[in-house]
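Participant: Input: one structure, supplied below.
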Amino acid sequence: MNLAAQRSPAARSGVDDRFVADEFLTLRGRAVRWELAAWSGAITQALARALAQSREDRVAALAPCFEEAAIVAGHLGRHEDARRVAEAAVRFYAAIARQKRSAEALSFAVSALVGLGAAERAAGRLDEALLHLGRVRSLGLGAEIGAGQLRVSRAQWESVLALEPAAARAIALASATETLSALLAARRLEDVVSLALVSRRGATDPPSLEWARKEAALSALCHLGRPDEALALAARYTVEAGEAERLVFELRRAEVLACFGDAVKARALAEVVLGQLERKWRARPGTLEDVRLAARVARLCALLGEATSADFCWAALAEALAIGDVPLQAELLVSIVETDWDQERREDASDLLRAVALGSGYRLPAAERLLSPEDGPRSSRSADERAPGFTSLVASLCALDPSKRTS
């Protein structure tokens, strides 16, 4: 049975948990989702530069090539390629770690195992994702990885903690948040509550992980239909949040209120978030996190039946265009096309949406729904049409062998 397809307890009890999105907004440093052809081309160029370096230097230079290629494969819907690239990265760095006794290579191998879990989650293979992520998570709790192509003893992991502490913290954050996301997708909601609020913390858990745990707890409690706990925690987290997280938890609180039927307070809080974002953008350029938050506010307002102001959507779109994140651009353009009262501006937005949908390489169902049939079926285009050369890039990455000279 597909656990992710089951209705949540909230839905069965009449609570509307559509208002609650499970994506974490407090996470920083996520990749900007460029046009896929340009992104694939940039990875191919980075791979060539990495292979031209010395063996020692290329170890670190190849890591983002593996990581980003797996991400692009997921956006292309080529989940088997994403898994192949992640598995190739684990093999590559595990071999170097064995040969060189390198803490750096070992950290890259464990990070690639997190990437393999992420690839499996994106493909909907949630049990496999949780298996890989659980192995990584166990390292932070003092256990070992003793099976498969990657073996990590306690002493080896302690060497990573000592010599590569920043990498260890990044791995702890990524493995924990991916685990929470996989559990939410599988609707293992009690497990999410336990992991977020009760479970023992790992030695390398960074402080930023606590905010993601709090987001996960709110999502799970909403899906479980437990209003008293969710509303109390949402109010508390909003008060506790620092400056960087406060807007996120104000929106999260609005989502919880909407989920449990208090649309008036939810709208009022959403308006607060909208106003604060606009004030921030007047003072300085927006960040990727700002625009993600803006798109999420627009989504909440649409579900509440109250369209976000056209001026706000255009301001958010300007920030998204400056940053270059294609799915966010499309999401905001859809909002404009559906809600802007000015016909000329709607037509401008439609033209831009058509350009994004046809030229970016992404499959954007909401955008395609609004475009005319003569634009052609974007979903029928092959992956290599949407990102030329990507198949060759995957083959090159999967063929890398640390024992062979390539320069």
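The way I read the labels, and the way they are meant: chains A, B, ... in the order of the structure tokens, residue 1 as the first residue of every chain, and ligand 1 as the first ligand shown, with later ones counted on from there.
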What lies within 12 Å of Ala103 of chain A using only C-alpha atoms, ignoring chain neighbours under 3 positions off, as a PyMOL selection string?

Facilitator: chain A and resi 59-60+93-94+96-100+106-110+152-153+155-165+167-168

Participant: What would the file look like if the residues just selected were written as a PDB file, in the first residue's frame with C-alpha atoms?

Facilitator:
ATOM      1  CA  VAL A  59      38.011  15.247  -4.521  1.00  0.00           C
ATOM      2  CA  ALA A  60      36.181  18.331  -3.283  1.00  0.00           C
ATOM      3  CA  TYR A  93      34.141   8.631  -2.210  1.00  0.00           C
ATOM      4  CA  ALA A  94      33.982   5.391  -0.219  1.00  0.00           C
ATOM      5  CA  ILE A  96      38.937   7.115  -1.823  1.00  0.00           C
ATOM      6  CA  ALA A  97      38.246   7.000   1.906  1.00  0.00           C
ATOM      7  CA  ARG A  98      39.453   3.394   2.024  1.00  0.00           C
ATOM      8  CA  GLN A  99      42.533   4.058  -0.112  1.00  0.00           C
ATOM      9  CA  LYS A 100      43.646   7.307   1.498  1.00  0.00           C
ATOM     10  CA  LEU A 106      34.514   9.871   4.088  1.00  0.00           C
ATOM     11  CA  SER A 107      32.414  12.954   4.796  1.00  0.00           C
ATOM     12  CA  PHE A 108      31.645  13.259   1.073  1.00  0.00           C
ATOM     13  CA  ALA A 109      30.673   9.566   0.956  1.00  0.00           C
ATOM     14  CA  VAL A 110      28.263   9.935   3.878  1.00  0.00           C
ATOM     15  CA  VAL A 152      32.015   3.661   8.696  1.00  0.00           C
ATOM     16  CA  SER A 153      33.384   2.681  12.083  1.00  0.00           C
ATOM     17  CA  ALA A 155      36.573   5.723  15.133  1.00  0.00           C
ATOM     18  CA  GLN A 156      36.348   6.807  11.491  1.00  0.00           C
ATOM     19  CA  TRP A 157      33.319   8.991  12.186  1.00  0.00           C
ATOM     20  CA  GLU A 158      35.047  10.540  15.180  1.00  0.00           C
ATOM     21  CA  SER A 159      37.883  11.506  12.853  1.00  0.00           C
ATOM     22  CA  VAL A 160      35.345  13.270  10.616  1.00  0.00           C
ATOM     23  CA  LEU A 161      33.926  15.088  13.653  1.00  0.00           C
ATOM     24  CA  ALA A 162      37.406  16.229  14.609  1.00  0.00           C
ATOM     25  CA  LEU A 163      38.795  17.096  11.163  1.00  0.00           C
ATOM     26  CA  GLU A 164      35.654  18.061   9.195  1.00  0.00           C
ATOM     27  CA  PRO A 165      33.245  19.491  11.806  1.00  0.00           C
ATOM     28  CA  ALA A 167      30.764  18.881   7.022  1.00  0.00           C
ATOM     29  CA  ALA A 168      29.532  16.728   9.915  1.00  0.00           C
TER      30      ALA A 168
END

Participant: Taking the backbone alone, and naming residues the way the document does, which bits of segment 65-277 of chain A are alpha helix (DSSP H) by DSSP, as a ChimeraX atom specification?

Facilitator: /A:65-75,79-100,103-122,126-140,154-163,165-185,189-197,208-224,227-240,243-259,263-277

Participant: Taking into account only C-alpha atoms, which residue in the set A:Ser102, A:Ser194, A:Ser138, A:Thr179 is nearest to Ala118 of chain A?

Facilitator: A:Thr179

Participant: For the atom pair atom CA of His132 of chain A and atom CA of Leu113 of chain A, what is the interatomic distance in Å to one decimal place?

Facilitator: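 Pair atom CA of His132 of chain A / atom CA of Leu113 of chain A returns 6.5 Å.
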
Participant: Between atom CA of Asp401 of chain A and atom CA of Asp384 of chain A, what distance in Å does the model show, to one decimal?

Facilitator: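 Separation between atom CA of Asp401 of chain A and atom CA of Asp384 of chain A: 25.1 Å.
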
Participant: In Å, rounded to a single decimal, give me how far atom CA of Ala241 of chain A is from atom CA of Val20 of chain A.

Facilitator: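 Separation between atom CA of Val20 of chain A and atom CA of Ala241 of chain A: 19.1 Å.
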
Participant: Measuring between only C-alpha atoms, which one of A:Ala63, A:Ala119, A:Ala302, A:Ala212 shows the shortest distance to Glu245 of chain A?

Facilitator: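 Nearest candidate to Glu245 of chain A out of A:Ala63, A:Ala119, A:Ala302, A:Ala212: A:Ala212.
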
Participant: Can you list, as a list in words, every protein, DNA or RNA residue that comes within 9 Å of Gln329 of chain A when you count only C-alpha atoms, leaving out same-chain residues fewer than 3 positions away?

Facilitator: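 Neighbouring residues, sequence-local ones excluded: Ala316, Leu317, Ala318, Glu319, Ala320, Leu321, Gly324, Asp325, Val326, Leu332, Leu333, Val334, Leu353 and Val356 of chain A.
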
Participant: Write out as a ChimeraX atom specification which residues come within 9 Å of segment 74-88 of chain A when counting only C-alpha atoms, dropping same-chain ones fewer than 4 positions away.

Facilitator: /A:36,66-67,69-70,92-93,112-117,119-120,122-123,361-363,382-383,386-387,391,394-395,397-400
